[in-house]
Amino acid sequence: MNNLCDLPGADALESWFGFFPTFHDAEVVNIDLNRDPSPSVIRIKAFSITDKIDNRGYFVLENFIFVDLVFTGIYYLSISDWNHQNVLSGISVVREDFGYALSFEATFGLDGKISARTIEIKLNPFDASDI
């Protein structure tokens, strides 16, 4: 069962998009790993894809946001294939005995799993023209 929607901050994420995102085509842009008691943060650039087509023939993207996944008490970490883009197919979270396990499902780049005592979702909206 995917418990991503049960994490603190999930309600705000769902409210931002109007639905709960799968993170398909989102990109991991930063990983900041720290020893306890400092939190570790993984930043994901996310957006929604509309059914509108722009003048170049591409789907129009909207609702751009950086989604920060904030981890405390990391007790397992396995990541591989970090590169210049790190496009995701999706993210899943399952409850474990000591916390949560979050898995990145890669399309291109980063793949892996992180288990931590807590995971929280924080949102940082941005204007797509700024990047």
# chains A, B, ... in the order shown; residues from 1 in each chain; ligands from 1
call {"tool": "residues_around", "arguments": {"residues": "range 112-117 of chain A", "least_positions_apart": "6", "cutoff": "6 Å", "atoms": "only C-alpha atoms", "output": "list of chain:residue names"}}
result
A:Thr72, A:Gly73, A:Ile74, A:Tyr75, A:Tyr76, A:Leu77, A:Ser78, A:Ile79, A:Phe98, A:Gly99, A:Tyr100, A:Ala101, A:Leu102, A:Ser103, A:Phe104
call {"tool": "residues_around", "arguments": {"residues": "Gly18 in chain A", "least_positions_apart": "5", "cutoff": "10 Å", "atoms": "only C-alpha atoms", "output": "number ranges by chain"}}
result
A: 12-13, 48, 63
call {"tool": "residues_around", "arguments": {"residues": "Pro8 in chain A", "least_positions_apart": "5", "cutoff": "8 Å", "atoms": "only C-alpha atoms", "output": "ChimeraX atom specification"}}
result
/A:119-121
call {"tool": "write_last_selection", "arguments": {"atoms": "C-alpha atoms", "output": "PDB file, in the first residue's frame"}}
result
ATOM      1  CA  ILE A 119       9.201  11.708   6.399  1.00  0.00           C
ATOM      2  CA  GLU A 120       7.485  15.063   5.949  1.00  0.00           C
ATOM      3  CA  ILE A 121       6.391  16.860   2.769  1.00  0.00           C
TER       4      ILE A 121
END
call {"tool": "closest_atom_pairs", "arguments": {"of": "range 46-90 of chain A", "to": "range 22-25 of chain A", "cutoff": "7 Å", "atoms": "only C-alpha atoms", "output": "Markdown table"}}
result
| residue | atom | partner | partner_atom | distance |
| --- | --- | --- | --- | --- |
| A:Ala46 | CA | A:Phe23 | CA | 6.6 |
| A:Val87 | CA | A:Asp25 | CA | 5.6 |
| A:Leu88 | CA | A:Asp25 | CA | 5.3 |
| A:Ser89 | CA | A:His24 | CA | 4.5 |
| A:Gly90 | CA | A:His24 | CA | 4.9 |
call {"tool": "atom_distance", "arguments": {"atom1": "CA of Val67 in chain A", "atom2": "CA of Pro39 in chain A"}}
result
15.1 Å
call {"tool": "atom_distance", "arguments": {"atom1": "CA of Phe126 in chain A", "atom2": "CA of Ile44 in chain A"}}
result
12.2 Å
call {"tool": "select_by_dssp", "arguments": {"residues": "chain A", "states": "strand (DSSP E or B)", "output": "ChimeraX atom specification"}}
result
/A:27-32,40-53,59-80,87-96,99-108,111-125
call {"tool": "closest_atom_pairs", "arguments": {"of": "range 12-86 of chain A", "to": "range 106-111 of chain A", "cutoff": "7 Å", "atoms": "only C-alpha atoms", "output": "CSV"}}
result
residue,atom,partner,partner_atom,distance
A:Ile79,CA,A:Asp111,CA,5.7
A:Ser80,CA,A:Asp111,CA,5.4
A:Asp81,CA,A:Leu110,CA,4.9
A:Trp82,CA,A:Leu110,CA,4.6
A:Asn83,CA,A:Gly109,CA,5.4
A:Gln85,CA,A:Gly109,CA,6.5
A:Asn86,CA,A:Gly109,CA,4.1
call {"tool": "write_last_selection", "arguments": {"atoms": "all heavy atoms", "output": "tab-separated table (two decimals), in the first residue's frame"}}
result
chain	number	residue	atom	x	y	z
A	79	ILE	N	21.00	4.58	-2.99
A	79	ILE	CA	20.69	5.34	-4.19
A	79	ILE	C	21.75	5.06	-5.24
A	79	ILE	O	22.90	4.78	-4.93
A	79	ILE	CB	20.57	6.87	-3.93
A	79	ILE	CG1	21.83	7.41	-3.28
A	79	ILE	CG2	19.36	7.17	-3.08
A	79	ILE	CD1	21.82	8.93	-3.09
A	80	SER	N	21.32	5.14	-6.50
A	80	SER	CA	22.26	4.89	-7.60
A	80	SER	C	21.84	5.71	-8.81
A	80	SER	O	20.73	6.25	-8.87
A	80	SER	CB	22.28	3.40	-7.97
A	80	SER	OG	21.01	2.99	-8.43
A	81	ASP	N	22.75	5.80	-9.75
A	81	ASP	CA	22.51	6.38	-11.07
A	81	ASP	C	22.19	7.88	-11.07
A	81	ASP	O	21.47	8.36	-11.94
A	81	ASP	CB	21.41	5.60	-11.81
A	81	ASP	CG	21.78	4.15	-11.98
A	81	ASP	OD1	22.97	3.85	-12.18
A	81	ASP	OD2	20.88	3.29	-11.89
A	82	TRP	N	22.73	8.62	-10.09
A	82	TRP	CA	22.56	10.08	-10.07
A	82	TRP	C	23.12	10.64	-11.36
A	82	TRP	O	24.20	10.27	-11.80
A	82	TRP	CB	23.29	10.66	-8.87
A	82	TRP	CG	23.18	12.13	-8.77
A	82	TRP	CD1	24.13	13.04	-9.15
A	82	TRP	CD2	22.08	12.90	-8.27
A	82	TRP	NE1	23.69	14.32	-8.91
A	82	TRP	CE2	22.41	14.26	-8.37
A	82	TRP	CE3	20.83	12.55	-7.76
A	82	TRP	CZ2	21.56	15.27	-7.97
A	82	TRP	CZ3	19.99	13.56	-7.36
A	82	TRP	CH2	20.36	14.91	-7.47
A	83	ASN	N	22.38	11.56	-12.01
A	83	ASN	CA	22.90	12.19	-13.23
A	83	ASN	C	22.38	13.62	-13.35
A	83	ASN	O	21.91	14.19	-12.38
A	83	ASN	CB	22.59	11.34	-14.47
A	83	ASN	CG	21.12	11.30	-14.84
A	83	ASN	OD1	20.33	12.17	-14.48
A	83	ASN	ND2	20.72	10.29	-15.58
A	85	GLN	N	19.75	14.77	-14.76
A	85	GLN	CA	18.31	15.00	-14.89
A	85	GLN	C	17.47	14.28	-13.83
A	85	GLN	O	16.59	14.89	-13.26
A	85	GLN	CB	17.84	14.61	-16.29
A	85	GLN	CG	16.50	15.20	-16.62
A	85	GLN	CD	16.16	15.03	-18.08
A	85	GLN	OE1	16.67	14.16	-18.76
A	85	GLN	NE2	15.28	15.88	-18.56
A	86	ASN	N	17.67	13.01	-13.59
A	86	ASN	CA	16.99	12.27	-12.53
A	86	ASN	C	15.46	12.31	-12.61
A	86	ASN	O	14.77	12.71	-11.68
A	86	ASN	CB	17.48	12.75	-11.16
A	86	ASN	CG	18.97	12.62	-11.05
A	86	ASN	OD1	19.52	11.54	-11.20
A	86	ASN	ND2	19.65	13.74	-10.86
call {"tool": "atom_distance", "arguments": {"atom1": "CA of Glu62 in chain A", "atom2": "CA of Val94 in chain A"}}
result
28.5 Å
